[in-house]
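Enquirer: What follows is work_15.txt; its format and atoms are compact mmCIF, N, CA, C and O atoms.
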# COMPACT_ATOMS: atom_id res chain seq x y z
N MET A 1 43.35 -72.07 0.40
CA MET A 1 43.33 -70.67 0.09
C MET A 1 43.51 -69.86 1.36
O MET A 1 42.85 -70.12 2.34
N LYS A 2 44.36 -68.88 1.33
CA LYS A 2 44.55 -68.02 2.48
C LYS A 2 43.46 -66.97 2.51
O LYS A 2 43.02 -66.49 1.47
N ALA A 3 43.03 -66.61 3.71
CA ALA A 3 41.93 -65.68 3.86
C ALA A 3 42.23 -64.32 3.22
O ALA A 3 41.34 -63.68 2.69
N ASP A 4 43.49 -63.87 3.24
CA ASP A 4 43.80 -62.56 2.69
C ASP A 4 43.84 -62.54 1.17
O ASP A 4 43.84 -61.49 0.56
N LYS A 5 43.85 -63.70 0.53
CA LYS A 5 43.87 -63.77 -0.92
C LYS A 5 42.71 -64.61 -1.44
O LYS A 5 42.82 -65.25 -2.47
N GLN A 6 41.61 -64.59 -0.74
CA GLN A 6 40.46 -65.40 -1.12
C GLN A 6 39.84 -64.87 -2.41
O GLN A 6 39.61 -63.67 -2.55
N ILE A 7 39.63 -65.75 -3.34
CA ILE A 7 39.03 -65.40 -4.62
C ILE A 7 37.51 -65.37 -4.44
O ILE A 7 36.94 -66.27 -3.84
N PRO A 8 36.85 -64.32 -4.96
CA PRO A 8 35.39 -64.27 -4.84
C PRO A 8 34.76 -65.51 -5.48
O PRO A 8 35.20 -65.97 -6.53
N ILE A 9 33.74 -66.00 -4.85
CA ILE A 9 33.07 -67.20 -5.33
C ILE A 9 31.81 -66.79 -6.09
O ILE A 9 31.12 -65.86 -5.70
N THR A 10 31.54 -67.47 -7.19
CA THR A 10 30.34 -67.16 -7.96
C THR A 10 29.12 -67.79 -7.28
O THR A 10 29.25 -68.71 -6.46
N GLY A 11 27.97 -67.32 -7.66
CA GLY A 11 26.73 -67.88 -7.11
C GLY A 11 26.59 -69.35 -7.43
O GLY A 11 26.18 -70.15 -6.58
N ASP A 12 26.93 -69.74 -8.66
CA ASP A 12 26.83 -71.15 -9.05
C ASP A 12 27.80 -72.02 -8.26
O ASP A 12 27.47 -73.13 -7.86
N GLN A 13 29.02 -71.51 -8.02
CA GLN A 13 29.99 -72.27 -7.22
C GLN A 13 29.50 -72.42 -5.78
O GLN A 13 29.63 -73.49 -5.19
N LEU A 14 28.94 -71.35 -5.23
CA LEU A 14 28.44 -71.40 -3.86
C LEU A 14 27.30 -72.42 -3.74
O LEU A 14 27.28 -73.22 -2.81
N LEU A 15 26.38 -72.41 -4.70
CA LEU A 15 25.28 -73.39 -4.68
C LEU A 15 25.81 -74.82 -4.76
O LEU A 15 25.34 -75.71 -4.04
N ALA A 16 26.78 -75.05 -5.63
CA ALA A 16 27.35 -76.40 -5.78
C ALA A 16 28.02 -76.85 -4.49
O ALA A 16 27.86 -78.00 -4.05
N MET A 17 28.76 -75.95 -3.85
CA MET A 17 29.44 -76.30 -2.61
C MET A 17 28.43 -76.59 -1.49
O MET A 17 28.57 -77.59 -0.78
N LEU A 18 27.45 -75.73 -1.34
CA LEU A 18 26.46 -75.93 -0.28
C LEU A 18 25.64 -77.20 -0.52
O LEU A 18 25.36 -77.94 0.42
N ALA A 19 25.29 -77.46 -1.78
CA ALA A 19 24.53 -78.68 -2.10
C ALA A 19 25.37 -79.92 -1.79
O ALA A 19 24.87 -80.91 -1.26
N ALA A 20 26.66 -79.86 -2.13
CA ALA A 20 27.54 -81.00 -1.88
C ALA A 20 27.72 -81.25 -0.38
O ALA A 20 27.81 -82.40 0.05
N LEU A 21 27.75 -80.20 0.39
CA LEU A 21 27.96 -80.34 1.84
C LEU A 21 26.67 -80.64 2.61
O LEU A 21 26.74 -80.93 3.80
N ALA A 22 25.54 -80.60 1.93
CA ALA A 22 24.26 -80.82 2.60
C ALA A 22 23.91 -82.30 2.69
O ALA A 22 22.77 -82.70 2.48
N ASN A 23 24.90 -83.12 3.00
CA ASN A 23 24.70 -84.56 3.10
C ASN A 23 25.66 -85.10 4.17
O ASN A 23 26.86 -84.82 4.11
N PRO A 24 25.16 -85.89 5.11
CA PRO A 24 26.03 -86.37 6.19
C PRO A 24 27.18 -87.26 5.71
O PRO A 24 28.28 -87.20 6.26
N HIS A 25 26.96 -88.06 4.66
CA HIS A 25 28.06 -88.89 4.14
C HIS A 25 29.18 -88.00 3.60
O HIS A 25 30.35 -88.28 3.81
N ARG A 26 28.80 -86.95 2.91
CA ARG A 26 29.81 -86.08 2.31
C ARG A 26 30.58 -85.31 3.38
O ARG A 26 31.79 -85.09 3.24
N LEU A 27 29.90 -84.92 4.43
CA LEU A 27 30.61 -84.28 5.54
C LEU A 27 31.62 -85.24 6.16
O LEU A 27 32.74 -84.87 6.50
N ARG A 28 31.22 -86.51 6.31
CA ARG A 28 32.13 -87.52 6.86
C ARG A 28 33.32 -87.76 5.93
O ARG A 28 34.44 -88.00 6.39
N ILE A 29 33.08 -87.72 4.63
CA ILE A 29 34.16 -87.91 3.67
C ILE A 29 35.18 -86.78 3.80
O ILE A 29 36.39 -87.04 3.89
N ILE A 30 34.71 -85.55 3.84
CA ILE A 30 35.61 -84.41 4.00
C ILE A 30 36.37 -84.53 5.32
O ILE A 30 37.58 -84.31 5.38
N ALA A 31 35.67 -84.90 6.39
CA ALA A 31 36.31 -85.04 7.70
C ALA A 31 37.39 -86.12 7.66
O ALA A 31 38.49 -85.93 8.18
N ALA A 32 37.09 -87.26 7.04
CA ALA A 32 38.06 -88.36 6.97
C ALA A 32 39.28 -87.95 6.15
O ALA A 32 40.42 -88.24 6.53
N LEU A 33 39.06 -87.28 5.03
CA LEU A 33 40.19 -86.86 4.19
C LEU A 33 41.00 -85.76 4.86
O LEU A 33 42.21 -85.65 4.63
N THR A 34 40.38 -84.98 5.70
CA THR A 34 41.08 -83.92 6.42
C THR A 34 41.93 -84.51 7.53
O THR A 34 43.08 -84.11 7.73
N SER A 35 41.37 -85.48 8.24
CA SER A 35 42.11 -86.05 9.38
C SER A 35 43.18 -87.04 8.95
O SER A 35 44.27 -87.08 9.53
N SER A 36 42.92 -87.85 7.94
CA SER A 36 43.88 -88.89 7.56
C SER A 36 44.67 -88.55 6.30
O SER A 36 45.55 -89.32 5.92
N GLY A 37 44.35 -87.47 5.66
CA GLY A 37 45.04 -87.12 4.42
C GLY A 37 44.46 -87.87 3.24
O GLY A 37 43.39 -88.46 3.32
N ARG A 38 45.19 -87.89 2.16
CA ARG A 38 44.68 -88.54 0.95
C ARG A 38 44.51 -90.03 1.16
O ARG A 38 45.24 -90.64 1.94
N ASN A 39 43.56 -90.59 0.43
CA ASN A 39 43.24 -91.99 0.60
C ASN A 39 42.64 -92.52 -0.69
O ASN A 39 42.07 -91.77 -1.47
N TYR A 40 42.74 -93.83 -0.90
CA TYR A 40 42.13 -94.41 -2.09
C TYR A 40 40.74 -94.92 -1.74
O TYR A 40 40.37 -95.09 -0.58
N VAL A 41 39.93 -95.12 -2.76
CA VAL A 41 38.50 -95.36 -2.60
C VAL A 41 38.19 -96.55 -1.70
O VAL A 41 37.36 -96.43 -0.79
N SER A 42 38.81 -97.68 -1.90
CA SER A 42 38.48 -98.87 -1.10
C SER A 42 38.75 -98.64 0.38
O SER A 42 37.93 -98.99 1.23
N GLN A 43 39.90 -98.06 0.69
CA GLN A 43 40.23 -97.79 2.09
C GLN A 43 39.29 -96.75 2.69
O GLN A 43 38.83 -96.90 3.81
N LEU A 44 38.99 -95.72 1.93
CA LEU A 44 38.09 -94.67 2.42
C LEU A 44 36.69 -95.23 2.66
O LEU A 44 36.05 -94.90 3.66
N ALA A 45 36.22 -96.12 1.79
CA ALA A 45 34.91 -96.75 1.97
C ALA A 45 34.87 -97.57 3.26
O ALA A 45 33.89 -97.51 4.00
N ARG A 46 35.95 -98.31 3.53
CA ARG A 46 36.00 -99.09 4.78
C ARG A 46 36.03 -98.16 5.99
O ARG A 46 35.36 -98.40 6.99
N GLU A 47 36.80 -97.10 5.89
CA GLU A 47 36.94 -96.16 7.00
C GLU A 47 35.61 -95.48 7.34
O GLU A 47 35.27 -95.33 8.51
N ILE A 48 34.86 -95.11 6.32
CA ILE A 48 33.59 -94.40 6.53
C ILE A 48 32.44 -95.38 6.78
O ILE A 48 31.46 -95.04 7.44
N GLY A 49 32.57 -96.58 6.25
CA GLY A 49 31.53 -97.58 6.46
C GLY A 49 30.41 -97.54 5.44
O GLY A 49 29.26 -97.81 5.76
N ILE A 50 30.76 -97.18 4.18
CA ILE A 50 29.76 -97.21 3.11
C ILE A 50 30.33 -97.98 1.93
O ILE A 50 31.54 -98.22 1.85
N SER A 51 29.46 -98.38 1.01
CA SER A 51 29.91 -99.16 -0.15
C SER A 51 30.73 -98.29 -1.10
O SER A 51 30.57 -97.07 -1.14
N ARG A 52 31.57 -98.93 -1.89
CA ARG A 52 32.37 -98.20 -2.87
C ARG A 52 31.51 -97.49 -3.91
O ARG A 52 31.78 -96.34 -4.25
N PRO A 53 30.45 -98.15 -4.45
CA PRO A 53 29.62 -97.44 -5.43
C PRO A 53 28.97 -96.18 -4.83
O PRO A 53 28.93 -95.13 -5.49
N LEU A 54 28.50 -96.27 -3.60
CA LEU A 54 27.89 -95.10 -2.96
C LEU A 54 28.96 -94.04 -2.71
O LEU A 54 28.72 -92.84 -2.93
N LEU A 55 30.14 -94.46 -2.28
CA LEU A 55 31.23 -93.51 -2.05
C LEU A 55 31.60 -92.80 -3.35
O LEU A 55 31.81 -91.58 -3.35
N HIS A 56 31.65 -93.54 -4.45
CA HIS A 56 31.96 -92.92 -5.75
C HIS A 56 30.96 -91.81 -6.08
O HIS A 56 31.36 -90.75 -6.57
N LEU A 57 29.68 -92.06 -5.85
CA LEU A 57 28.67 -91.04 -6.14
C LEU A 57 28.91 -89.78 -5.31
O LEU A 57 28.84 -88.66 -5.82
N HIS A 58 29.21 -89.96 -4.04
CA HIS A 58 29.44 -88.81 -3.16
C HIS A 58 30.75 -88.09 -3.52
O HIS A 58 30.80 -86.86 -3.53
N LEU A 59 31.78 -88.85 -3.84
CA LEU A 59 33.05 -88.23 -4.23
C LEU A 59 32.90 -87.43 -5.52
O LEU A 59 33.49 -86.35 -5.67
N GLN A 60 32.11 -87.94 -6.43
CA GLN A 60 31.87 -87.23 -7.70
C GLN A 60 31.22 -85.88 -7.43
O GLN A 60 31.63 -84.85 -7.97
N LYS A 61 30.22 -85.86 -6.57
CA LYS A 61 29.53 -84.61 -6.23
C LYS A 61 30.50 -83.64 -5.54
O LYS A 61 30.51 -82.44 -5.85
N LEU A 62 31.32 -84.14 -4.63
CA LEU A 62 32.29 -83.29 -3.94
C LEU A 62 33.36 -82.77 -4.90
O LEU A 62 33.77 -81.60 -4.79
N GLU A 63 33.78 -83.61 -5.84
CA GLU A 63 34.80 -83.17 -6.79
C GLU A 63 34.24 -82.13 -7.74
O GLU A 63 34.91 -81.14 -8.06
N GLU A 64 33.01 -82.32 -8.20
CA GLU A 64 32.37 -81.33 -9.08
C GLU A 64 32.24 -79.97 -8.40
O GLU A 64 32.30 -78.94 -9.05
N ALA A 65 32.07 -79.98 -7.08
CA ALA A 65 31.94 -78.74 -6.32
C ALA A 65 33.30 -78.14 -5.95
O ALA A 65 33.36 -77.07 -5.34
N GLY A 66 34.38 -78.83 -6.27
CA GLY A 66 35.72 -78.33 -5.98
C GLY A 66 36.16 -78.54 -4.54
O GLY A 66 37.09 -77.90 -4.07
N LEU A 67 35.51 -79.47 -3.84
CA LEU A 67 35.81 -79.71 -2.43
C LEU A 67 36.81 -80.84 -2.21
O LEU A 67 37.44 -80.91 -1.16
N VAL A 68 36.93 -81.73 -3.17
CA VAL A 68 37.95 -82.78 -3.14
C VAL A 68 38.60 -82.84 -4.51
O VAL A 68 38.03 -82.39 -5.50
N LYS A 69 39.79 -83.41 -4.55
CA LYS A 69 40.47 -83.63 -5.83
C LYS A 69 41.01 -85.05 -5.84
O LYS A 69 41.22 -85.65 -4.79
N SER A 70 41.20 -85.57 -7.04
CA SER A 70 41.65 -86.96 -7.16
C SER A 70 42.84 -87.06 -8.09
O SER A 70 43.09 -86.19 -8.91
N GLN A 71 43.54 -88.18 -7.91
CA GLN A 71 44.68 -88.48 -8.77
C GLN A 71 44.77 -89.99 -8.92
O GLN A 71 44.82 -90.73 -7.92
N LEU A 72 44.79 -90.44 -10.15
CA LEU A 72 44.90 -91.87 -10.45
C LEU A 72 46.37 -92.26 -10.45
O LEU A 72 47.19 -91.62 -11.09
N GLU A 73 46.70 -93.33 -9.69
CA GLU A 73 48.08 -93.80 -9.60
C GLU A 73 48.10 -95.31 -9.71
O GLU A 73 47.13 -95.98 -9.38
N LEU A 74 49.23 -95.83 -10.15
CA LEU A 74 49.42 -97.28 -10.24
C LEU A 74 50.14 -97.77 -8.99
O LEU A 74 51.14 -97.19 -8.58
N SER A 75 49.63 -98.86 -8.42
CA SER A 75 50.30 -99.46 -7.26
C SER A 75 51.47 -100.30 -7.74
O SER A 75 51.66 -100.50 -8.94
N ARG A 76 52.23 -100.83 -6.82
CA ARG A 76 53.40 -101.65 -7.17
C ARG A 76 53.00 -102.90 -7.96
O ARG A 76 53.76 -103.38 -8.79
N ASP A 77 51.80 -103.41 -7.67
CA ASP A 77 51.35 -104.61 -8.38
C ASP A 77 50.59 -104.28 -9.66
O ASP A 77 50.00 -105.16 -10.28
N GLY A 78 50.58 -103.00 -10.07
CA GLY A 78 49.96 -102.61 -11.33
C GLY A 78 48.50 -102.25 -11.26
O GLY A 78 47.89 -101.96 -12.28
N LYS A 79 47.91 -102.26 -10.07
CA LYS A 79 46.50 -101.89 -9.93
C LYS A 79 46.38 -100.38 -9.95
O LYS A 79 47.19 -99.66 -9.37
N ALA A 80 45.34 -99.90 -10.63
CA ALA A 80 45.06 -98.46 -10.67
C ALA A 80 44.30 -98.09 -9.40
O ALA A 80 43.26 -98.69 -9.09
N LEU A 81 44.83 -97.13 -8.67
CA LEU A 81 44.18 -96.65 -7.45
C LEU A 81 43.87 -95.17 -7.61
O LEU A 81 44.74 -94.38 -7.99
N ASN A 82 42.62 -94.81 -7.34
CA ASN A 82 42.22 -93.42 -7.43
C ASN A 82 42.30 -92.82 -6.04
O ASN A 82 41.50 -93.16 -5.17
N TYR A 83 43.27 -91.96 -5.81
CA TYR A 83 43.46 -91.32 -4.52
C TYR A 83 42.68 -90.00 -4.47
O TYR A 83 42.69 -89.23 -5.43
N PHE A 84 42.03 -89.75 -3.35
CA PHE A 84 41.29 -88.51 -3.14
C PHE A 84 41.87 -87.78 -1.94
O PHE A 84 42.38 -88.39 -1.01
N GLU A 85 41.79 -86.46 -2.01
CA GLU A 85 42.18 -85.63 -0.88
C GLU A 85 41.27 -84.42 -0.84
O GLU A 85 40.69 -84.02 -1.86
N ALA A 86 41.13 -83.85 0.34
CA ALA A 86 40.32 -82.64 0.49
C ALA A 86 41.04 -81.50 -0.22
O ALA A 86 42.26 -81.35 -0.10
N ALA A 87 40.29 -80.72 -0.97
CA ALA A 87 40.86 -79.54 -1.62
C ALA A 87 41.03 -78.45 -0.56
O ALA A 87 40.37 -78.47 0.49
N ASP A 88 41.90 -77.53 -0.84
CA ASP A 88 42.10 -76.40 0.06
C ASP A 88 41.06 -75.35 -0.31
O ASP A 88 41.15 -74.71 -1.35
N PHE A 89 40.03 -75.22 0.52
CA PHE A 89 38.97 -74.27 0.21
C PHE A 89 38.57 -73.51 1.47
O PHE A 89 38.77 -73.97 2.58
N ALA A 90 38.04 -72.32 1.24
CA ALA A 90 37.51 -71.50 2.32
C ALA A 90 36.37 -70.68 1.76
O ALA A 90 36.49 -70.10 0.67
N VAL A 91 35.28 -70.68 2.46
CA VAL A 91 34.11 -69.91 2.03
C VAL A 91 33.71 -68.99 3.17
O VAL A 91 33.45 -69.44 4.28
N ASP A 92 33.69 -67.71 2.88
CA ASP A 92 33.26 -66.71 3.84
C ASP A 92 31.74 -66.58 3.69
O ASP A 92 31.26 -65.90 2.78
N LEU A 93 31.00 -67.25 4.54
CA LEU A 93 29.54 -67.32 4.40
C LEU A 93 28.89 -66.25 5.27
O LEU A 93 28.49 -66.50 6.40
N THR A 94 28.82 -65.06 4.71
CA THR A 94 28.19 -63.93 5.39
C THR A 94 27.05 -63.43 4.51
O THR A 94 27.02 -63.74 3.30
N PRO A 95 26.13 -62.66 5.07
CA PRO A 95 25.06 -62.10 4.22
C PRO A 95 25.61 -61.30 3.03
O PRO A 95 25.10 -61.41 1.91
N ALA A 96 26.68 -60.54 3.25
CA ALA A 96 27.26 -59.75 2.16
C ALA A 96 27.87 -60.65 1.08
O ALA A 96 27.72 -60.38 -0.12
N ALA A 97 28.54 -61.73 1.49
CA ALA A 97 29.14 -62.66 0.52
C ALA A 97 28.05 -63.37 -0.28
O ALA A 97 28.20 -63.58 -1.49
N ILE A 98 26.97 -63.72 0.38
CA ILE A 98 25.84 -64.36 -0.32
C ILE A 98 25.22 -63.39 -1.32
O ILE A 98 24.91 -63.76 -2.46
N ALA A 99 25.02 -62.14 -0.90
CA ALA A 99 24.44 -61.14 -1.80
C ALA A 99 25.32 -60.94 -3.03
O ALA A 99 24.82 -60.84 -4.15
N GLU A 100 26.64 -60.90 -2.83
CA GLU A 100 27.56 -60.73 -3.95
C GLU A 100 27.51 -61.95 -4.88
O GLU A 100 27.47 -61.81 -6.09
N ALA A 101 27.50 -63.15 -4.30
CA ALA A 101 27.46 -64.38 -5.11
C ALA A 101 26.14 -64.48 -5.87
O ALA A 101 26.11 -64.94 -7.02
N ALA A 102 25.05 -64.04 -5.26
CA ALA A 102 23.73 -64.13 -5.89
C ALA A 102 23.66 -63.32 -7.19
O ALA A 102 22.91 -63.67 -8.10
N GLN A 103 24.45 -62.27 -7.28
CA GLN A 103 24.44 -61.44 -8.48
C GLN A 103 24.96 -62.16 -9.71
O GLN A 103 24.65 -61.79 -10.84
N SER A 104 25.74 -63.22 -9.51
CA SER A 104 26.33 -63.94 -10.63
C SER A 104 25.66 -65.28 -10.92
O SER A 104 26.19 -66.07 -11.71
N LEU A 105 24.53 -65.54 -10.30
CA LEU A 105 23.83 -66.81 -10.54
C LEU A 105 23.42 -66.94 -12.00
O LEU A 105 22.89 -65.99 -12.59
N SER A 106 23.63 -68.11 -12.58
CA SER A 106 23.19 -68.34 -13.96
C SER A 106 21.73 -68.75 -14.00
O SER A 106 21.08 -68.60 -15.01
N ILE A 107 21.22 -69.25 -12.88
CA ILE A 107 19.81 -69.64 -12.79
C ILE A 107 19.03 -68.41 -12.35
O ILE A 107 19.25 -67.87 -11.28
N LYS A 108 18.14 -67.97 -13.22
CA LYS A 108 17.36 -66.77 -12.93
C LYS A 108 16.03 -67.17 -12.28
O LYS A 108 15.46 -68.21 -12.60
N PRO A 109 15.54 -66.34 -11.35
CA PRO A 109 14.27 -66.67 -10.69
C PRO A 109 13.11 -66.64 -11.69
O PRO A 109 13.13 -65.88 -12.65
N GLU A 110 12.12 -67.48 -11.44
CA GLU A 110 10.93 -67.50 -12.29
C GLU A 110 10.07 -66.30 -11.97
O GLU A 110 9.98 -65.87 -10.84
N LYS A 111 9.40 -65.78 -12.98
CA LYS A 111 8.55 -64.60 -12.77
C LYS A 111 7.13 -65.00 -12.57
O LYS A 111 6.65 -65.97 -12.93
Can I see the file as C-alpha cells?

Expert:
Amino acid sequence: MKADKQIPITGDQLLAMLAALANPHRLRIIAALTSSGRNYVSQLAREIGISRPLLHLHLQKLEEAGLVKSQLELSRDGKALNYFEAADFAVDLTPAAIAEAAQSLSIKPEK
C-alpha cells in the first residue's frame, strides 16, 4: 500500500495485526519472507529453524491478520506446495491513528 492512498484501518484489524506481530517467531517469518520473497512451508521452516507444525500455526495467525498471503501450487512431481509471501501492508501507528481505530472496535469495554 502506498502511503498517499493508505486505507484507514479498523480497530479490530489493528488489534489482529499487533497481536500477530507480538511474537518473535512471527517477526522472523515476516523478515524471511521480505528478504527472500515467497517461499513454501518446508523451506521456510528450515530457514527459520522451527518445525513445520509450529510454522503453520504462526503463518495462520499472520494470514488471518492480513500480513502474509498464500497460494497453493503443484510442483513438477505433483506435490502440493503452499507458498507464502509477505503482504504489502503499512500501518501508521500514531496516537491519532490509534484513537481513530479505537472508535470502530467491536469489543466494547466492560463497565

Enquirer: Which protein, DNA or RNA residues have an atom at most 12 Å from (41.2, -88.9, -8.2), counting only C-alpha atoms? List them as a count of residues only.

Expert: 25

Enquirer: Distance CA of Ser106 (chain A)-CA of Thr10 (chain A), one decimal place?

Expert: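 That distance, rounded to one decimal, is 9.4 Å.
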
Enquirer: Rounded to one decimal, what separation in Å do you get between atom N of Ala19 (chain A) and atom C of Ile50 (chain A)?

Expert: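 Taking atom N of Ala19 (chain A) and atom C of Ile50 (chain A), their separation equals 21.5 Å.
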
Enquirer: Could you check which of A:Pro95, A:Ser42, A:Ser36, A:Ala65 is closest to Leu14 (chain A), using only C-alpha atoms?

Expert: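 Residue with the minimum atom-to-atom distance to Leu14 (chain A): A:Ala65.
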
Enquirer: Identify which of the residues A:Lys61, A:Gln43, A:Ile48, A:Ala32 lies closest to Met17 (chain A), counting only N, CA, C and O atoms when measuring atom-to-atom distances.

Expert: A:Lys61

Enquirer: Write out as an MDAnalysis selection string the set of residues from chain A that DSSP, computed on the backbone, places in alpha helix (DSSP H).

Expert: chainID A and resid 11:21 24:36 41:48 52:64 95:102

Enquirer: Applying 12 Å and only C-alpha atoms, which residues near Ala101 (chain A) remain after dropping the ones on its own chain fewer than 6 positions away? List them as a VMD selection string.

Expert: chain A and resid 7 to 15 91 to 95

Enquirer: Using atom N of Gly78 (chain A) and atom C of Ile30 (chain A) as the two end points, give the distance in Å to one decimal.

Expert: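 Computed distance, atom N of Gly78 (chain A) to atom C of Ile30 (chain A), equals 27.9 Å.
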
Enquirer: Find the axis-aligned box for region 34-47 of chain A, covering all its listed atoms and adding 3 Å on each side, and write its centre and edge lengths in Å to one decimal as lines of an AutoDock Vina configuration file.

Expert:
center_x = 39.7
center_y = -91.5
center_z = 3.4
size_x = 17.7
size_y = 21.2
size_z = 18.3

Enquirer: Here is a test: counting all atoms listed in the file, which residue of A:Thr34, A:Ala16, A:Ala96, A:Pro53 is nearest to Gly66 (chain A)?

Expert: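 For Gly66 (chain A), the nearest of the given residues is A:Ala16.
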
Enquirer: Identify all residues of region 41-83 of chain A in strand (DSSP E or B) (DSSP on the backbone) and supply them as a PyMOL selection string.

Expert: chain A and resi 68-74+80-83

Enquirer: Fix up region 31-38 of chain A with all heavy atoms, then write it as a tab-separated table (two decimals), in the frame of the given file.

Expert:
chain	number	residue	atom	x	y	z
A	31	ALA	N	35.67	-84.90	6.39
A	31	ALA	CA	36.31	-85.04	7.70
A	31	ALA	C	37.39	-86.12	7.66
A	31	ALA	O	38.49	-85.93	8.18
A	31	ALA	CB	35.27	-85.36	8.77
A	32	ALA	N	37.09	-87.26	7.04
A	32	ALA	CA	38.06	-88.36	6.97
A	32	ALA	C	39.28	-87.95	6.15
A	32	ALA	O	40.42	-88.24	6.53
A	32	ALA	CB	37.41	-89.60	6.36
A	33	LEU	N	39.06	-87.28	5.03
A	33	LEU	CA	40.19	-86.86	4.19
A	33	LEU	C	41.00	-85.76	4.86
A	33	LEU	O	42.21	-85.65	4.63
A	33	LEU	CB	39.69	-86.39	2.82
A	33	LEU	CG	39.12	-87.49	1.93
A	33	LEU	CD1	38.50	-86.89	0.67
A	33	LEU	CD2	40.18	-88.51	1.57
A	34	THR	N	40.38	-84.98	5.70
A	34	THR	CA	41.08	-83.92	6.42
A	34	THR	C	41.93	-84.51	7.53
A	34	THR	O	43.08	-84.11	7.73
A	34	THR	CB	40.08	-82.89	6.99
A	34	THR	OG1	39.34	-82.33	5.90
A	34	THR	CG2	40.79	-81.79	7.74
A	35	SER	N	41.37	-85.48	8.24
A	35	SER	CA	42.11	-86.05	9.38
A	35	SER	C	43.18	-87.04	8.95
A	35	SER	O	44.27	-87.08	9.53
A	35	SER	CB	41.15	-86.70	10.37
A	35	SER	OG	40.53	-87.82	9.79
A	36	SER	N	42.92	-87.85	7.94
A	36	SER	CA	43.88	-88.89	7.56
A	36	SER	C	44.67	-88.55	6.30
A	36	SER	O	45.55	-89.32	5.92
A	36	SER	CB	43.16	-90.22	7.38
A	36	SER	OG	42.27	-90.16	6.28
A	37	GLY	N	44.35	-87.47	5.66
A	37	GLY	CA	45.04	-87.12	4.42
A	37	GLY	C	44.46	-87.87	3.24
A	37	GLY	O	43.39	-88.46	3.32
A	38	ARG	N	45.19	-87.89	2.16
A	38	ARG	CA	44.68	-88.54	0.95
A	38	ARG	C	44.51	-90.03	1.16
A	38	ARG	O	45.24	-90.64	1.94
A	38	ARG	CB	45.55	-88.22	-0.25
A	38	ARG	CG	46.89	-88.84	-0.23
A	38	ARG	CD	47.73	-88.36	-1.41
A	38	ARG	NE	48.61	-89.44	-1.82
A	38	ARG	CZ	48.64	-89.97	-3.01
A	38	ARG	NH1	47.89	-89.48	-3.96
A	38	ARG	NH2	49.45	-90.97	-3.28
